[in-house]
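I have placed the structure first, in the form of structure tokens, so that the comments after it can refer back to it.
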Amino acid sequence: MSLHIQQNVSLQSFNTMAVPAQADYLTTVTSVPEMHDALSLARRQNLPVLVLGEGSNTLFEHDYKGLVILNRLRGMDVVEELGDLIRVKVGAGENWHRWVAHSLKQGWSGLENLALIPGLVGAAPMQNIGAYGVELEQYLHSVELLYVDSGEIGELSREQCEFGYRDSVFKHRHAPRAIITAVTFELNTYFEPQITYPAVKEYLQTRMRPSQELTALHVFDAICHIRRSKLPSPREIPNSGSFFKNPVVSEEKLASLREHYPEIVSYEHRGQIKLAAAWLIERAGWKRRQRDGVQVHKDQALVITNPGRASGASVMSLARAIQEDIAKQFRIQLEIEPRIY
Ligand SMILES: Cc1cc2nc3c(=O)[nH]c(=O)nc-3n(C[C@H](O)[C@H](O)[C@H](O)COP(=O)(O)OP(=O)(O)OC[C@H]3O[C@@H](n4cnc5c(N)ncnc54)[C@H](O)[C@@H]3O)c2cc1C
């Protein structure tokens with residue numbers, strides 16, 4: 001076995017919140033046989049396993065008492081061409097943004113609105129990543145899995161992934177017993193713009209000549225520009241993006257909130273009414289507040305930052321205080337988006 005196993009490793013550089021938790025054991029795998037070896041070792045030593053991509057949606061509240069496997073399975077292969085559609089199988093360890101950029105360069109479109117989302121391809125199905133009106137599930141064909149207990153390889157179709165808003169079967173029935181080894185995408189060989197967000201429309205209108213033909217690359221550039229101007233880069237200020245999900249409420253609940261807060265921000269998504277969690281947090285006075293080196297971002301109240309590289313417990317303490325306050329003020333339970341360990 002060629003695996004290199006490290007002991008008592010700091011996870012600070014393996015999570016974008018930069019919390020200084022430790023893992024008992026850590027290894028990097030670059031092939032499916034290596035993944036098998038890592039799992040057999042964990043089985044023999046009775047260790048829990050945690051597969052990590054870039055740690056951009058993971059918060060370590062505690063040290064990890066087990067084996068952290070850094071997934072670095074690579075590869076991008078066309079598996080089928082079907083007229084206007086193309087299927088491409090991508091290794092779970094490929095960087096998400098690099099894959100999006102590569103797909104567009106090949107003339108395959110669909111993923112342009114999802115540009116610049118941090119993380120690796122293998123973590124994307126976990127919460128059905130989404131941005132600017134597009135969700136992963138629209139372009140996902142199937143997911144290849146390695147079952148932790150049996151070591152068997154399986155495949156789930158898009159329907160079997162049971163995708164929802166920031167949700168999938170991988171957070172429930174398959175967690176944490178299955179490792180995603182590859183994702184097969186189904187992309188278009190023609191371009192169909194999906195521009196519903198005013199900021200994207202505005203950016204394109206100001207940058208393009210009236211006679212210019214809109215391409216997926218223009219949309220990609222617009223999304224990259226908007227994201228860079230709005231969201232703090234984890235390289236500069238540690239964070240895990242949106243810390244809370246936008247809560248789903250009933251029509252009655254929205255009506256009763258509107259009586260007290262006529263300016264409350266809500267929208268419709270997947271046939272459900274959602275409230276902007278950022279509005280609730282800002283209205284409750286949490287924007288810019290900080291505690292023990294952890295801060296609610298000054299421009300975007302949905303993002304908790306960790307400029308002091310404080311512990312996961314400190315991050316969770318601020319997050320729980322926000323949850324309690326929102327529950328008290330609005331009678332709404334905010335759900336945390338990152339996975340907590
Ligand atoms: C600045 C910023 C902006 C963001 N913007 C968005 C956004 O617009 N939309 C959005 O949806 N998300 C967004 N996110 C969240 C994050 O980028 C995504 O959730 C991303 O898919 C996480 O990838 P990762 O490799 O870092 O996952 P990790 O944090 O490494 O893992 C996340 C979870 O998935 C599990 N996992 C990882 N890889 C595998 C695998 N191969 N098999 C099985 N389980 C696995 C891990 O065990 C963990 O539970 C943002 C985050 C940041 C920091």
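The chains in the structure tokens are called A, B, ... from first to last as shown; in each chain the residues are counted from 1, and the ligands are counted from 1 in the order shown.
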Would you tabulate, counting only C-alpha atoms and all ligand atoms, all residues of chain A that have an atom at most 7 Å from an atom of ligand 1, showing the closest pair of atoms and their distance in Å to one decimal, sorted by chain then ascending number, as CSV?
```
residue,atom,partner,partner_atom_place_in_ligand_line,distance
A:Asn15,CA,ligand 1,29 (O),6.9
A:Thr16,CA,ligand 1,53 (C),6.1
A:Leu50,CA,ligand 1,47 (O),5.3
A:Val51,CA,ligand 1,47 (O),4.6
A:Leu52,CA,ligand 1,30 (O),3.9
A:Gly53,CA,ligand 1,30 (O),3.3
A:Glu54,CA,ligand 1,26 (O),3.6
A:Gly55,CA,ligand 1,29 (O),3.2
A:Ser56,CA,ligand 1,26 (O),3.5
A:Asn57,CA,ligand 1,29 (O),3.5
A:Thr58,CA,ligand 1,29 (O),4.1
A:Asn71,CA,ligand 1,41 (N),6.2
A:Ala92,CA,ligand 1,41 (N),5.4
A:Ile117,CA,ligand 1,5 (N),4.9
A:Pro118,CA,ligand 1,17 (O),4.0
A:Gly119,CA,ligand 1,23 (O),3.3
A:Leu120,CA,ligand 1,25 (O),3.8
A:Val121,CA,ligand 1,25 (O),6.8
A:Gly122,CA,ligand 1,41 (N),3.9
A:Ala123,CA,ligand 1,38 (N),3.9
A:Ala124,CA,ligand 1,21 (O),3.9
A:Met126,CA,ligand 1,34 (O),5.6
A:Gln127,CA,ligand 1,19 (O),6.1
A:Asn128,CA,ligand 1,11 (O),6.4
A:Ile129,CA,ligand 1,11 (O),3.2
A:Gly130,CA,ligand 1,11 (O),4.3
A:Ala131,CA,ligand 1,8 (O),4.7
A:Arg166,CA,ligand 1,11 (O),6.4
A:Ala178,CA,ligand 1,43 (C),6.1
A:Ile179,CA,ligand 1,42 (N),3.7
A:Ile180,CA,ligand 1,42 (N),3.7
A:Thr181,CA,ligand 1,41 (N),5.6
A:Leu231,CA,ligand 1,1 (C),6.0
A:Pro232,CA,ligand 1,1 (C),6.1
A:Ser233,CA,ligand 1,1 (C),5.5
A:Pro234,CA,ligand 1,1 (C),5.8
A:Asn239,CA,ligand 1,53 (C),5.4
A:Ser240,CA,ligand 1,53 (C),3.6
A:Gly241,CA,ligand 1,52 (C),3.5
A:Ser242,CA,ligand 1,50 (C),6.4
A:Arg339,CA,ligand 1,49 (O),5.1
```
Practice task
Find the spatial neighbours of Gly83 in chain A, counting only C-alpha atoms, within a cut-off of 12 Å - ignore same-chain residues fewer than 6 positions away - and output them as a PyMOL selection string.
Solution key: chain A and resi 186-190
Export, as a compact mmCIF listing (two decimals), in the first residue's frame, the selected residues with C-alpha atoms.
```
# COMPACT_ATOMS: atom_id res chain seq x y z
CA GLU A 186 -25.00 16.47 -19.29
CA LEU A 187 -24.24 19.80 -20.96
CA ASN A 188 -25.51 21.62 -24.03
CA THR A 189 -23.50 22.10 -27.18
CA TYR A 190 -25.64 25.19 -27.88
```
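The spacing separating CA of Leu257 in chain A from CA of His297 in chain A amounts to 25.1 Å.
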Practice task
Write down as a count of residues only the residues of range 195-267 of chain A whose backbone DSSP state falls under helix (DSSP H, G or I).
Solution key: 35
Practice task
Identify which of the residues A:Thr215, A:Arg235, A:Glu155, A:Ile226 lies closest to Pro198 in chain A, counting only C-alpha atoms when measuring atom-to-atom distances.
Solution key: A:Ile226
Practice task
Report the residues of range 65-220 of chain A whose backbone DSSP state falls under strand (DSSP E or B), written as number ranges by chain.
Solution key: A: 65-71, 76-82, 85-91, 95, 109, 120, 130-131, 134-135, 140-147, 153-157, 164, 167, 178-188
Practice task
Please measure the separation of CA of Lys230 in chain A and CA of Ser168 in chain A, giving the value in Å to one decimal.
Solution key: 27.1 Å
Completion exercise
With distances taken over only C-alpha atoms, the candidate from A:Ala21, A:Leu217, A:Ala284, A:Leu39 nearest Gln106 in chain A is A:Leu217
Practice task
Give me the residues within 12 Å of Leu59 in chain A as a VMD selection string, counting only C-alpha atoms and dropping any in the same chain fewer than 5 places off.
Solution key: chain A and resid 11 to 12 14 to 21 52 54 64 238 to 241 243 304 to 306 310 to 316 319 336 to 341
Practice task
For Arg158 in chain A, please output as a PyMOL selection string all residues within 10 Å (counting only C-alpha atoms; exclusion window: fewer than 5 positions along the same chain).
Solution key: chain A and resi 125+137-143+163+184-185
